[in-house]
Structures are given as structure tokens and as C-alpha cells.
Amino acid sequence: MPFEEIMLSDEMLQLANGADVERAEATSISKIDNGDEVVVRTMEVPKWLSNTDVTKHLVGSGKKARLEEEYECTITLTGLGSGTKDPTLPGFNLDHLLVTLKGSDIRQLGRVRRALEDSLIEYVIERTYPNASTENTRNMSTPPCLGRLLYALALSNANASPKTKDHTLHRTILSRAHYPMSHLIRAYQAARQHNRSSEHEHYAPPTKKVWMNIKELPQDENTGEFHGRFLAGKNGSLLEYYRTKFHCKVEIFGVWKSGDDDENGLEHDSGLEVDPYVLVTSEESKSCVDRCLQFIEHRIREHEEKWGVSRRAD
């Protein structure tokens with residue numbers, strides 16, 4: 001009888017303690033149940049987004065039963081914020097939320113994962129713009145945490161696939177694009193309208209794919225301030241350089257305040273705490289992002305040496 005083994009992510013391959021073991025178990029399980037092969041896939045939710053409110057948003061108010069019926073699968077949430085009380089479940093002691101999907105149709109598992117990812121994006125948008133379902137999209141900027149979320153989801157998705165061979169940490173990966181924000185909000189509004197009028201058939205708006213990676217920013221240990229505006233250059237001159245030289249869009253999140261003279265402008269607070277960071281994306285190729293990151297890394301190291309600041313260790 002066929003037996004499918006799920007490939008582990010890079011973090012899971014470096015097992016060091018009980019939490020890592022639990023994550024590996026949750027991702028590698030394959031079972032044979034009643035003669036049917038059960039395929040297992042997982043989705044890891046970032047630690048900063050792992051709480052009971054997010055769990056309720058994902059599967060509360062009957063959503064779990066509807067999703068399981070529509071996609072013919074089972075959904076189990078464990079780890080931080082899940083509210084799970086069964087210590088025998090894989091991932092019970094994880095420091096982040098783990099969603100385990102089981103079913104006999106791998107295509108359906110992909111669809112339900114997409115529905116859950118859409119739900120997480122909706123959560124971030126709603127926290128940033130409480131009236132997003134009806135507001136004009138023209139003046140809406142990207143929520144500071146959205147890039148981190150999309151990058152984390154893309155990594156989690158790739159690492160959960162048996163076809164993935166590259167499991168290196170912090171690698172450039174193909175991800176859902178976060179821009180233009182107006183398009184994302186309009187898609188969110190359309191999804192809200194559709195899903196309110198239909199018990200099933202989750203609406204998945206078309207998405208744009210880009211190559212994506214993030215870079216952490218140095219911090220002053222004395223003041224706690226993160227340094228990142230230097231990467232934009234005077235009047236945003238470096239942002240244009242990234243576009244023309246590397247064909248990359250570079251955005252620095254978490255360092256801009258109202259009144260800053262930069263195209264990043266005022267950042268809208270979602271109440272979700274994430275460290276400031278640099279988001280690098282390209283529609284051209286993975287190599288464009290990697291070359292741009294090398295340039296940015298060089299600039300950061302020069303700044304660290306000059307100003308005595310440093311980045312947190314991974």
C-alpha cells in the first residue's frame with residue numbers, strides 16, 4: 001500500500017530540543033486509514049501572529065466545519081494560541097501556531113491552505129484598516145507586518161512540499177505579492193462580499209507572484225531604535241537605484257513616522273508587533289533579489305561599524 005513521507009523543513013532538519021521534535025512529527029506524519037492514503041500537509045503561522053484571536057478568526061464560528069466539508073479534509077491547530085488541550089497531538093508545545101491538514105486529495109489540501117492563508121491576510125488588513133471592507137483604497141499603504149507574513153507563509157508552504165530540495169534558512173523564494181495595496185484591498189472586499197453570500201466555495205482572488213526575501217535591521221542597544229532609513233538614501237535616491245540597477249522594489253518597514261520626507265510615508269499601525277525590516281521583491285528573477293540583498297548587506301555592515309549598532313542573532 002502506498003506510503004507518502006512528507007519532507008521536513010530546514011528548521012526541522014536541525015532538531016535540537018523537544019519543540020523541534022514536535023514540529024518534525026507534525027510535518028512528517030503519514031497514515032493509512034480505512035484503506036485510503038492520508039496525505040498530511042502543514043502551515044506554520046509566525047510566532048507574532050500566534051494567539052487565540054487568530055485561531056478564532058481562522059476556524060471559529062463554524063468555519064472549521066465548513067472548510068473541512070468543502071475541502072474534504074481535517075484541520076487541527078496546535079501550539080501557541082491554539083487552545084488545544086491534548087498534549088499527545090504533534091506540535092502541542094510549539095512556540096507558534098501550527099495548522100495540520102489531512103486528507104486523501106492533495107489538490108484539496110492546497111486549496112484549503114490557500115483559504116487559510118487568505119484568512120490570515122484578511123486578519124492583518126482588518127487590524128490595520130478596521131473599515132477596509134467599505135473604505136476607499138486610494139490612500140491605504142501596506143501594513144508593516146504584511147511582508148513578513150507573506151514571506152513566512154511562502155517559506156512554510158515550500159518547506160512542507162516533498163518537491164522542495166532547497167531548505168536553507170532565509171532564502172529568496174517565490175511568494176504572493178503584497179502590492180499594489182489597492183488591488184489587494186479590492187480583492188479582500190470582493191472576497192468578503194462573496195463569502196458572506198455563499199456557505200461554500202471560498203473565493204480566492206487572483207494573485208501576483210514575485211521573488212521575495214527580507215533583511216533584518218540593526219538596533220541601538222541603548223535607545224532601542226532600529227536603523228533603516230539610511231538604506232533609502234537622501235530623498236529616496238537609493239530606492240530608485242535598487243529599481244534601475246537590480247530591478248528590485250525595496251521597502252523599509254517600521255522606521256518611518258508621520259512627517260518623514262520619504263515615499264514610504266506614514267505607516268499604519270496594525271497593533272501586531274514585528275521588528276522593523278527590509279523587504280526586497282522582484283518580478284524579474286531570484287538572482288535580482290539575491291544581488292540586491294548583497295548590496296544591502298554591505299551597506300548595513302558599513303553602517304553597523306560606523307554607528308556601533310548591531311542586528312539580533314537568529
# chains A, B, ... in the order shown; residues from 1 in each chain; ligands from 1
>>> residues_around(residues="stretch 290-302 of chain A", least_positions_apart="5", cutoff="9 Å", atoms="only C-alpha atoms", output="list in words")
Arg171, Thr172, Asn213, Ile214, Lys215, Leu217, Pro218, Gly228, Phe230, Leu231, Tyr242, Lys245, Phe246, His247, Cys248, Val250, Val280, Trp307 and Ser310 of chain A
>>> select_by_dssp(residues="stretch 38-125 of chain A", states="strand (DSSP E)", output="list in words")
Val38, Val39, Val40, Arg41, Thr42, Met43, Glu44, Cys73, Thr74, Ile75, Thr76, Leu77, Thr78, Gly79, Leu97, Leu98, Val99, Thr100, Leu101, Lys102 and Gly103 of chain A
>>> residues_around(residues="A:Tyr277", least_positions_apart="5", cutoff="10 Å", atoms="only C-alpha atoms", output="PyMOL selection string")
chain A and resi 144-145+147-148+214-218+226-228+251-255
>>> atom_distance(atom1="atom CA of A:Ala152", atom2="atom CA of A:Glu44")
8.0 Å
>>> atom_distance(atom1="atom CA of A:Arg311", atom2="atom CA of A:Glu283")
28.1 Å
>>> residues_around(residues="A:Ser175", least_positions_apart="2", cutoff="9 Å", atoms="only C-alpha atoms", output="number ranges by chain")
A: 150-151, 153-155, 173, 177, 208-212
>>> write_last_selection(atoms="C-alpha atoms", output="tab-separated table (two decimals), in the first residue's frame")
chain	number	residue	atom	x	y	z
A	150	LEU	CA	3.71	36.61	3.12
A	151	TYR	CA	7.38	35.63	3.29
A	153	LEU	CA	3.81	31.66	4.53
A	154	ALA	CA	5.77	31.16	1.31
A	155	LEU	CA	8.64	29.51	3.22
A	173	ILE	CA	11.54	32.41	-2.54
A	177	ALA	CA	2.98	39.88	-3.91
A	208	LYS	CA	0.63	38.16	-8.45
A	209	LYS	CA	3.83	36.25	-7.72
A	210	VAL	CA	7.21	37.86	-7.01
A	211	TRP	CA	10.61	36.73	-5.79
A	212	MET	CA	10.92	37.84	-2.18
>>> atom_distance(atom1="atom CA of A:Leu77", atom2="atom CA of A:Thr100")
6.4 Å
>>> residues_around(residues="A:Leu67", least_positions_apart="3", cutoff="12 Å", atoms="only C-alpha atoms", output="VMD selection string")
chain A and resid 58 to 64 70 to 76 101 108 to 109 111 to 116 119 199 to 202
